[in-house]
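Asker: Data file final_37.cif (mmCIF, C-alpha atoms) is appended below.
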data_query
#
loop_
_atom_site.group_PDB
_atom_site.id
_atom_site.type_symbol
_atom_site.label_atom_id
_atom_site.label_comp_id
_atom_site.auth_asym_id
_atom_site.auth_seq_id
_atom_site.Cartn_x
_atom_site.Cartn_y
_atom_site.Cartn_z
ATOM 1 C CA MET A 29 67.833 85.288 126.688
ATOM 2 C CA PHE A 30 68.471 88.249 128.997
ATOM 3 C CA ASP A 31 65.676 87.339 131.435
ATOM 4 C CA ILE A 32 64.444 90.926 131.770
ATOM 5 C CA PRO A 33 61.741 90.975 134.490
ATOM 6 C CA ASP A 34 58.153 91.058 133.273
ATOM 7 C CA GLU A 35 57.568 94.409 134.959
ATOM 8 C CA TYR A 36 59.653 96.071 132.237
ATOM 9 C CA ALA A 37 57.827 94.381 129.353
ATOM 10 C CA ILE A 38 56.291 96.613 126.666
ATOM 11 C CA HIS A 39 55.592 94.398 123.608
ATOM 12 C CA ARG A 40 54.755 97.351 121.352
ATOM 13 C CA SER A 41 55.023 96.768 117.622
ATOM 14 C CA THR A 42 55.953 99.471 115.115
ATOM 15 C CA ASN A 43 55.094 99.631 111.435
ATOM 16 C CA PRO A 44 58.452 99.884 109.607
ATOM 17 C CA ALA A 45 56.724 101.565 106.658
ATOM 18 C CA LYS A 46 56.037 104.614 108.848
ATOM 19 C CA PHE A 47 59.645 105.176 109.902
ATOM 20 C CA PRO A 48 61.029 108.653 109.117
ATOM 21 C CA LEU A 49 63.902 107.849 106.784
ATOM 22 C CA SER A 50 64.551 111.211 105.161
ATOM 23 C CA HIS A 51 68.197 111.017 106.264
ATOM 24 C CA LEU A 52 68.756 107.994 104.023
ATOM 25 C CA LYS A 53 69.346 107.918 100.304
ATOM 26 C CA PRO A 54 66.378 106.714 98.213
ATOM 27 C CA SER A 55 68.118 103.401 97.502
ATOM 28 C CA GLU A 56 68.830 102.932 101.229
ATOM 29 C CA ARG A 57 65.216 103.700 102.164
ATOM 30 C CA LYS A 58 64.011 101.119 99.664
ATOM 31 C CA ARG A 59 66.464 98.533 100.938
ATOM 32 C CA PHE A 60 65.579 99.186 104.580
ATOM 33 C CA ARG A 61 61.829 98.917 104.026
ATOM 34 C CA SER A 62 62.146 95.752 101.969
ATOM 35 C CA SER A 63 64.529 94.131 104.490
ATOM 36 C CA LEU A 64 62.829 94.955 107.806
ATOM 37 C CA LYS A 65 59.611 92.983 108.134
ATOM 38 C CA GLU A 66 58.704 93.703 111.760
ATOM 39 C CA LEU A 67 59.985 95.575 114.787
ATOM 40 C CA THR A 68 58.786 95.222 118.369
ATOM 41 C CA LEU A 69 59.900 97.077 121.478
ATOM 42 C CA GLU A 70 59.959 94.196 123.929
ATOM 43 C CA SER A 71 61.201 95.812 127.159
ATOM 44 C CA VAL A 72 62.473 99.087 128.576
ATOM 45 C CA VAL A 73 64.655 99.194 131.675
ATOM 46 C CA THR A 74 64.468 102.654 133.219
ATOM 47 C CA ASP A 75 66.187 104.527 136.012
ATOM 48 C CA ASP A 76 63.608 103.491 138.583
ATOM 49 C CA CYS A 77 65.656 100.340 139.226
ATOM 50 C CA ILE A 78 69.154 101.299 138.014
ATOM 51 C CA PRO A 79 70.356 104.935 138.286
ATOM 52 C CA SER A 80 70.496 107.072 135.165
ATOM 53 C CA TYR A 81 73.795 108.369 133.829
ATOM 54 C CA VAL A 82 74.584 111.961 132.885
ATOM 55 C CA SER A 83 77.908 113.343 131.669
ATOM 56 C CA ASP A 84 79.072 116.135 129.389
ATOM 57 C CA THR A 85 78.816 113.826 126.385
ATOM 58 C CA ASN A 86 76.124 111.341 127.298
ATOM 59 C CA THR A 87 72.759 110.920 128.997
ATOM 60 C CA VAL A 88 71.380 107.442 129.623
ATOM 61 C CA MET A 89 67.968 107.201 131.257
ATOM 62 C CA ALA A 90 66.786 103.913 129.752
ATOM 63 C CA ILE A 91 67.884 100.770 127.916
ATOM 64 C CA GLN A 92 65.570 99.447 125.220
ATOM 65 C CA PHE A 93 65.283 95.859 124.020
ATOM 66 C CA PHE A 94 63.941 95.290 120.502
ATOM 67 C CA SER A 95 63.150 92.241 118.415
ATOM 68 C CA ALA A 96 63.336 92.609 114.644
ATOM 69 C CA GLY A 97 62.382 90.313 111.803
ATOM 70 C CA VAL A 98 64.223 90.607 108.495
ATOM 71 C CA ASP A 99 64.010 88.991 105.085
ATOM 72 C CA SER A 100 67.487 87.517 105.482
ATOM 73 C CA ILE A 101 70.063 87.542 108.270
ATOM 74 C CA ARG A 102 72.460 88.925 105.643
ATOM 75 C CA SER A 103 70.521 92.186 105.932
ATOM 76 C CA SER A 104 71.096 92.445 109.683
ATOM 77 C CA ALA A 105 74.215 94.639 109.574
ATOM 78 C CA PHE A 106 72.521 97.212 107.354
ATOM 79 C CA VAL A 107 69.187 97.188 109.193
ATOM 80 C CA CYS A 108 70.759 97.361 112.662
ATOM 81 C CA GLY A 109 73.131 100.098 111.509
ATOM 82 C CA VAL A 110 70.135 102.236 110.579
ATOM 83 C CA LEU A 111 68.125 101.382 113.703
ATOM 84 C CA GLN A 112 70.998 101.982 116.129
ATOM 85 C CA ARG A 113 71.369 105.513 114.742
ATOM 86 C CA MET A 114 67.652 106.198 114.953
ATOM 87 C CA VAL A 115 67.247 105.053 118.567
ATOM 88 C CA LYS A 116 68.860 107.617 120.876
ATOM 89 C CA THR A 117 69.021 105.400 123.944
ATOM 90 C CA PRO A 118 71.352 102.403 124.286
ATOM 91 C CA CYS A 119 69.505 99.413 122.896
ATOM 92 C CA ILE A 120 69.883 95.741 122.113
ATOM 93 C CA ILE A 121 68.291 94.459 118.925
ATOM 94 C CA HIS A 122 67.505 90.747 118.686
ATOM 95 C CA ILE A 123 67.351 90.341 114.916
ATOM 96 C CA ARG A 124 66.285 87.191 113.103
ATOM 97 C CA ASP A 125 65.094 85.607 109.891
ATOM 98 C CA GLU A 126 63.421 82.208 109.515
ATOM 99 C CA ARG A 127 66.621 80.282 110.258
ATOM 100 C CA SER A 128 69.123 82.434 112.167
ATOM 101 C CA GLU A 129 69.340 85.084 114.857
ATOM 102 C CA ARG A 130 71.909 87.466 116.305
ATOM 103 C CA LEU A 131 72.230 90.507 118.599
ATOM 104 C CA SER A 132 73.131 94.116 117.829
ATOM 105 C CA PHE A 133 74.854 96.484 120.297
ATOM 106 C CA ALA A 134 76.123 100.053 119.958
ATOM 107 C CA LEU A 135 77.832 102.631 122.161
ATOM 108 C CA LYS A 136 76.536 106.158 121.599
ATOM 109 C CA ARG A 137 77.238 109.707 122.685
ATOM 110 C CA LEU A 138 75.554 113.053 122.185
ATOM 111 C CA ASN A 139 76.354 114.939 119.005
ATOM 112 C CA LEU A 140 78.342 117.920 120.295
ATOM 113 C CA GLN A 141 77.054 120.081 117.432
ATOM 114 C CA ASP A 142 73.443 118.981 117.891
ATOM 115 C CA THR A 143 72.527 117.618 121.316
ATOM 116 C CA ASN A 144 69.186 116.379 119.957
ATOM 117 C CA SER A 145 71.018 113.713 117.946
ATOM 118 C CA ILE A 146 73.497 110.979 118.775
ATOM 119 C CA VAL A 147 76.723 109.631 117.328
ATOM 120 C CA VAL A 148 77.453 105.895 117.309
ATOM 121 C CA THR A 149 81.035 105.417 118.483
ATOM 122 C CA ASP A 150 81.189 101.610 118.428
ATOM 123 C CA GLU A 151 78.889 98.792 117.362
ATOM 124 C CA PHE A 152 78.940 95.078 116.688
ATOM 125 C CA LEU A 153 76.764 92.095 115.886
ATOM 126 C CA THR A 154 77.109 88.705 117.493
ATOM 127 C CA HIS A 155 77.704 85.794 115.125
ATOM 128 C CA PRO A 156 74.526 84.280 113.642
ATOM 129 C CA VAL A 157 73.305 81.146 115.413
ATOM 130 C CA PRO A 158 70.455 78.771 114.498
ATOM 131 C CA ARG A 159 67.163 80.281 115.571
ATOM 132 C CA GLY A 160 65.554 78.714 118.616
ATOM 133 C CA VAL A 161 68.477 76.424 119.351
ATOM 134 C CA SER A 162 69.912 76.735 122.847
ATOM 135 C CA GLY A 163 73.704 76.561 122.609
ATOM 136 C CA THR A 164 76.853 77.629 124.422
ATOM 137 C CA ASP A 165 76.511 81.274 123.389
ATOM 138 C CA GLU A 166 73.022 81.554 124.830
ATOM 139 C CA HIS A 167 73.984 79.860 128.093
ATOM 140 C CA LEU A 168 76.990 82.154 128.571
ATOM 141 C CA ILE A 169 74.892 85.233 127.804
ATOM 142 C CA GLU A 170 72.235 84.159 130.304
ATOM 143 C CA ASN A 171 74.827 83.473 133.011
ATOM 144 C CA TYR A 172 77.039 86.538 132.546
ATOM 145 C CA ALA A 173 75.185 89.176 130.490
ATOM 146 C CA GLY A 174 71.610 88.482 131.554
ATOM 147 C CA TRP A 175 69.631 90.360 134.176
ATOM 148 C CA ASN A 176 71.092 88.359 137.053
ATOM 149 C CA GLY A 177 74.559 88.071 135.510
ATOM 150 C CA VAL A 178 75.466 91.753 135.180
ATOM 151 C CA VAL A 179 77.291 92.842 138.330
ATOM 152 C CA ASN A 180 77.760 96.582 137.760
ATOM 153 C CA ARG A 181 74.473 98.353 138.462
ATOM 154 C CA THR A 182 76.061 101.692 139.310
ATOM 155 C CA SER A 183 74.245 103.249 136.337
ATOM 156 C CA LEU A 184 72.358 102.258 133.218
ATOM 157 C CA HIS A 185 75.463 103.177 131.229
ATOM 158 C CA SER A 186 77.639 100.757 133.209
ATOM 159 C CA PHE A 187 74.949 98.083 132.979
ATOM 160 C CA TYR A 188 74.743 98.348 129.183
ATOM 161 C CA VAL A 189 78.516 98.549 128.686
ATOM 162 C CA GLU A 190 78.991 95.354 130.693
ATOM 163 C CA MET A 191 76.311 93.526 128.703
ATOM 164 C CA MET A 192 77.814 94.633 125.401
ATOM 165 C CA ILE A 193 81.435 93.805 126.188
ATOM 166 C CA LYS A 194 80.548 90.430 127.698
ATOM 167 C CA CYS A 195 78.582 89.532 124.571
ATOM 168 C CA TYR A 196 81.536 90.603 122.423
ATOM 169 C CA ILE A 197 83.819 88.338 124.461
ATOM 170 C CA ILE A 198 81.369 85.433 124.204
ATOM 171 C CA THR A 199 81.079 85.946 120.444
ATOM 172 C CA ASN A 200 84.866 85.888 120.040
ATOM 173 C CA ARG A 201 85.668 83.341 122.732
ATOM 174 C CA ASP A 202 87.468 81.031 120.265
ATOM 175 C CA VAL A 203 90.069 83.708 119.473
ATOM 176 C CA TRP A 204 91.996 83.142 122.722
ATOM 177 C CA SER A 205 91.903 80.247 125.189
ATOM 178 C CA GLY A 206 91.510 82.571 128.178
ATOM 179 C CA MET A 207 88.662 84.633 126.739
ATOM 180 C CA THR A 208 85.752 83.179 128.732
ATOM 181 C CA ASP A 209 87.816 83.431 131.924
ATOM 182 C CA LEU A 210 87.409 87.206 131.607
ATOM 183 C CA LEU A 211 83.659 86.913 132.219
ATOM 184 C CA PRO A 212 83.829 86.400 136.021
ATOM 185 C CA SER A 213 86.634 88.949 136.493
ATOM 186 C CA LYS A 214 86.154 91.823 138.952
ATOM 187 C CA VAL A 215 87.092 94.251 136.179
ATOM 188 C CA TRP A 216 83.359 94.724 135.553
ATOM 189 C CA TYR A 217 82.993 96.731 138.738
ATOM 190 C CA ASN A 218 84.985 99.553 137.102
ATOM 191 C CA THR A 219 83.474 100.606 133.780
ATOM 192 C CA ASP A 220 86.549 102.524 132.614
ATOM 193 C CA ASP A 221 88.724 99.455 133.195
ATOM 194 C CA ALA A 222 86.181 97.260 131.407
ATOM 195 C CA ILE A 223 86.256 99.593 128.392
ATOM 196 C CA GLY A 224 90.065 99.476 128.439
ATOM 197 C CA MET A 225 89.950 95.681 128.447
ATOM 198 C CA TYR A 226 87.436 95.786 125.584
ATOM 199 C CA GLY A 227 89.983 97.694 123.518
ATOM 200 C CA GLN A 228 92.547 94.965 124.140
ATOM 201 C CA VAL A 229 90.074 92.218 123.230
ATOM 202 C CA LYS A 230 89.207 93.983 119.968
ATOM 203 C CA HIS A 231 92.923 94.323 119.262
ATOM 204 C CA VAL A 232 93.394 90.564 119.712
ATOM 205 C CA VAL A 233 90.453 89.874 117.394
ATOM 206 C CA ARG A 234 91.871 92.191 114.748
ATOM 207 C CA LEU A 235 95.376 90.719 114.966
ATOM 208 C CA THR A 236 93.980 87.185 114.765
ATOM 209 C CA ASP A 237 92.036 88.094 111.627
ATOM 210 C CA GLU A 238 95.186 89.613 110.109
ATOM 211 C CA ARG A 239 97.207 86.505 110.934
ATOM 212 C CA SER A 240 94.667 84.214 109.287
ATOM 213 C CA SER A 241 95.124 86.106 106.016
ATOM 214 C CA SER A 242 98.857 86.723 106.321
ATOM 215 C CA GLN A 243 100.844 85.500 103.335
ATOM 216 C CA THR A 244 104.428 85.903 104.549
ATOM 217 C CA VAL A 245 106.394 84.225 107.311
ATOM 218 C CA GLY A 246 107.805 87.551 108.489
ATOM 219 C CA ASN A 247 104.393 89.159 108.850
ATOM 220 C CA SER A 248 103.012 86.112 110.659
ATOM 221 C CA ALA A 249 105.929 86.223 113.081
ATOM 222 C CA ARG A 250 105.249 89.903 113.783
ATOM 223 C CA LEU A 251 101.578 89.248 114.394
ATOM 224 C CA ASN A 252 102.359 86.308 116.675
ATOM 225 C CA HIS A 253 104.631 88.551 118.748
ATOM 226 C CA GLU A 254 101.973 91.253 119.010
ATOM 227 C CA LEU A 255 99.379 88.672 119.967
ATOM 228 C CA LYS A 256 101.624 87.249 122.680
ATOM 229 C CA CYS A 257 101.997 90.728 124.174
ATOM 230 C CA SER A 258 98.233 91.296 124.012
ATOM 231 C CA TYR A 259 97.548 87.941 125.674
ATOM 232 C CA GLY A 260 99.855 89.032 128.484
ATOM 233 C CA THR A 261 97.878 92.254 128.920
ATOM 234 C CA LEU A 262 94.573 90.381 129.037
ATOM 235 C CA LYS A 263 95.953 87.911 131.580
ATOM 236 C CA GLU A 264 96.341 90.827 133.983
ATOM 237 C CA TYR A 265 92.550 91.118 134.011
ATOM 238 C CA LEU A 266 92.253 87.413 134.805
ATOM 239 C CA ASN A 267 93.966 88.108 138.105
ATOM 240 C CA GLU A 268 91.059 90.353 139.087
ATOM 241 C CA VAL A 269 88.778 87.511 140.147
#
Transcribe the structure of this file into C-alpha cells.
Answerer:
Amino acid sequence: MFDIPDEYAIHRSTNPAKFPLSHLKPSERKRFRSSLKELTLESVVTDDCIPSYVSDTNTVMAIQFFSAGVDSIRSSAFVCGVLQRMVKTPCIIHIRDERSERLSFALKRLNLQDTNSIVVTDEFLTHPVPRGVSGTDEHLIENYAGWNGVVNRTSLHSFYVEMMIKCYIITNRDVWSGMTDLLPSKVWYNTDDAIGMYGQVKHVVRLTDERSSSQTVGNSARLNHELKCSYGTLKEYLNEV
C-alpha cells in the first residue's frame, strides 16, 4: 500500500504472548492477548534516507511499519491503542481480521517527566475496508501518502505527519466536497501549516458528526454556519497548489 522500498524490509515476527504488559490491568492484558493473534515488523525507514528530527519534546530517528492480525476488526481500536503507546517511534499499524483491514496512526512526544517514555497526543484509525480489495482509499493512499507520494522529506517527523494527515483526509473525504483537493496542495511543504490544516479538518469532521445527530432546527442552523466558516478556511489551503 505504501510501496516502501525493499531495502527497508524487516519481516520480523513477534510473539504477542511475550509482550511486557505490566502497565495494563489484568482484564486488559487478557483482552489484548486474546485479541492480538500476530504482529510483524514489516519495514523500518531510518535517518539514512530521510533526516532524523530532534526537538525539546520529540526525537524521531525511524518510522516503523507493522502488520497485525486480530480476532475481529472490532478489537482494532483497543489493540492499536495499546501498541501505539508501547512503540516509542512513530509507526503505522496495518491491522486486519479475516474480512477487513484498516490503518492506525499516532502522533507522539516525549514524556516531560520521564524522557524514556512517550505520550500519545493524537491518534486515529482509518475506516475498515474489505481485506484484499483494491478501492478508492487504497489508490489515493498510494498516490498521495505512499513512498513516492509524500513530498515533504525534510525530516522523518514531517514525512510521518504528512502520511498521517493525508490518510485522515482520505478517510473522511466524504465529509466535504473539497476534501481530496487538499491532497495536492503545497501546504505539505510546511509541516506547521499542515498540522494547522489538520486541526481544521478534524473540526469539520466533528461538526458534521454533531449535525447528523442534531435534533433541533436552531442547533442545525448553528452547526451549518460553523461548517460554512470552516469550509472557507479550508478553501484557503486549496489555493496553495
Asker: Once the PyMOL selection byres ((chain A and resi 171-179) around 12) has been evaluated on this model, what residues remain selected, and can you format them as a PyMOL selection string?
Answerer: chain A and resi 29-34+36+73+77-78+120+164-170+180-184+186-198+208-219
Asker: Expand the PyMOL selection byres ((chain A and resi 206) around 12) into the individual residues it matches in the shown file, reporting them as a short mmCIF file (atom, residue, chain, number, x, y, z; two decimals) with C-alpha atoms, in the frame of the given file.
Answerer:
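Final file, expr_8.cif:
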data_model
loop_
_atom_site.label_atom_id
_atom_site.label_comp_id
_atom_site.auth_asym_id
_atom_site.auth_seq_id
_atom_site.Cartn_x
_atom_site.Cartn_y
_atom_site.Cartn_z
CA ILE A 197 83.82 88.34 124.46
CA ILE A 198 81.37 85.43 124.20
CA ASN A 200 84.87 85.89 120.04
CA ARG A 201 85.67 83.34 122.73
CA ASP A 202 87.47 81.03 120.26
CA VAL A 203 90.07 83.71 119.47
CA TRP A 204 92.00 83.14 122.72
CA SER A 205 91.90 80.25 125.19
CA MET A 207 88.66 84.63 126.74
CA THR A 208 85.75 83.18 128.73
CA ASP A 209 87.82 83.43 131.92
CA LEU A 210 87.41 87.21 131.61
CA LEU A 211 83.66 86.91 132.22
CA PRO A 212 83.83 86.40 136.02
CA SER A 213 86.63 88.95 136.49
CA VAL A 229 90.07 92.22 123.23
CA VAL A 232 93.39 90.56 119.71
CA SER A 258 98.23 91.30 124.01
CA TYR A 259 97.55 87.94 125.67
CA GLY A 260 99.86 89.03 128.48
CA THR A 261 97.88 92.25 128.92
CA LEU A 262 94.57 90.38 129.04
CA LYS A 263 95.95 87.91 131.58
CA GLU A 264 96.34 90.83 133.98
CA TYR A 265 92.55 91.12 134.01
CA LEU A 266 92.25 87.41 134.80
CA ASN A 267 93.97 88.11 138.10
#
Asker: For CA of Arg239 (chain A) and CA of Thr199 (chain A), quote the distance in Å rounded to one decimal.
Answerer: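 Atom-to-atom, CA of Arg239 (chain A) and CA of Thr199 (chain A) are spaced 18.7 Å apart.
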Asker: Using all atoms listed in the file, pick whichever of A:Val157, A:Leu255, A:Val88, A:Ala222 has the shortest atom-to-atom distance to Asp237 (chain A).
Answerer: A:Leu255
Asker: Using Å and a single decimal, report how far CA of Glu151 (chain A) sits from CA of Ala105 (chain A).
Answerer: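 These atoms are spaced 10.0 Å apart.
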Asker: Quick check, in Å to one decimal: how far apart do CA of Val82 (chain A) and CA of Met114 (chain A) lie?
Answerer: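 These atoms are spaced 20.1 Å apart.
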Asker: Measuring atom to atom with only C-alpha atoms, identify which of A:Arg102, A:Val110, A:Asp84, A:Glu126 is nearest to Leu138 (chain A).
Answerer: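 Checking each candidate against Leu138 (chain A), we get A:Asp84 as the closest.
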Asker: At a cut-off of 6 Å, using all atoms listed in the file, what residues contact region 89-91 of chain A? Leave out same-chain residues fewer than 6 positions from it and give the result as a tab-separated table (two decimals) with C-alpha atoms, in the coordinates of the input.
Answerer:
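Ended up saving to around_29.tsv:
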chain	number	residue	atom	x	y	z
A	72	VAL	CA	62.47	99.09	128.58
A	73	VAL	CA	64.66	99.19	131.68
A	74	THR	CA	64.47	102.65	133.22
A	75	ASP	CA	66.19	104.53	136.01
A	80	SER	CA	70.50	107.07	135.16
A	118	PRO	CA	71.35	102.40	124.29
A	119	CYS	CA	69.50	99.41	122.90
Asker: Please list as a PyMOL selection string every residue within 8 Å of Val147 (chain A), counting only C-alpha atoms and excluding residues in the same chain fewer than 5 positions away.
Answerer: chain A and resi 113+136-139
Asker: Return as lines of an AutoDock Vina configuration file the centre and edge lengths, in Å with one decimal, of the box along x, y and z that encloses every atom of region 123-140 of chain A in the file, padded by 3 Å per side.
Answerer:
center_x = 70.9
center_y = 99.1
center_z = 116.1
size_x = 20.9
size_y = 43.6
size_z = 19.2
Asker: As a check of understanding, name the residues that the PyMOL selection byres ((chain A and resi 129-135) around 7) selects in the supplied structure, as a PyMOL selection string.
Answerer: chain A and resi 108+112+118-125+128+136+148-159+192
Asker: Please tell me which residues are no farther than 8 Å from (63.8, 90.6, 108.5) in the file, counting only C-alpha atoms, and write them as a ChimeraX atom specification.
Answerer: /A:63-66,96-101,103-104,123-125
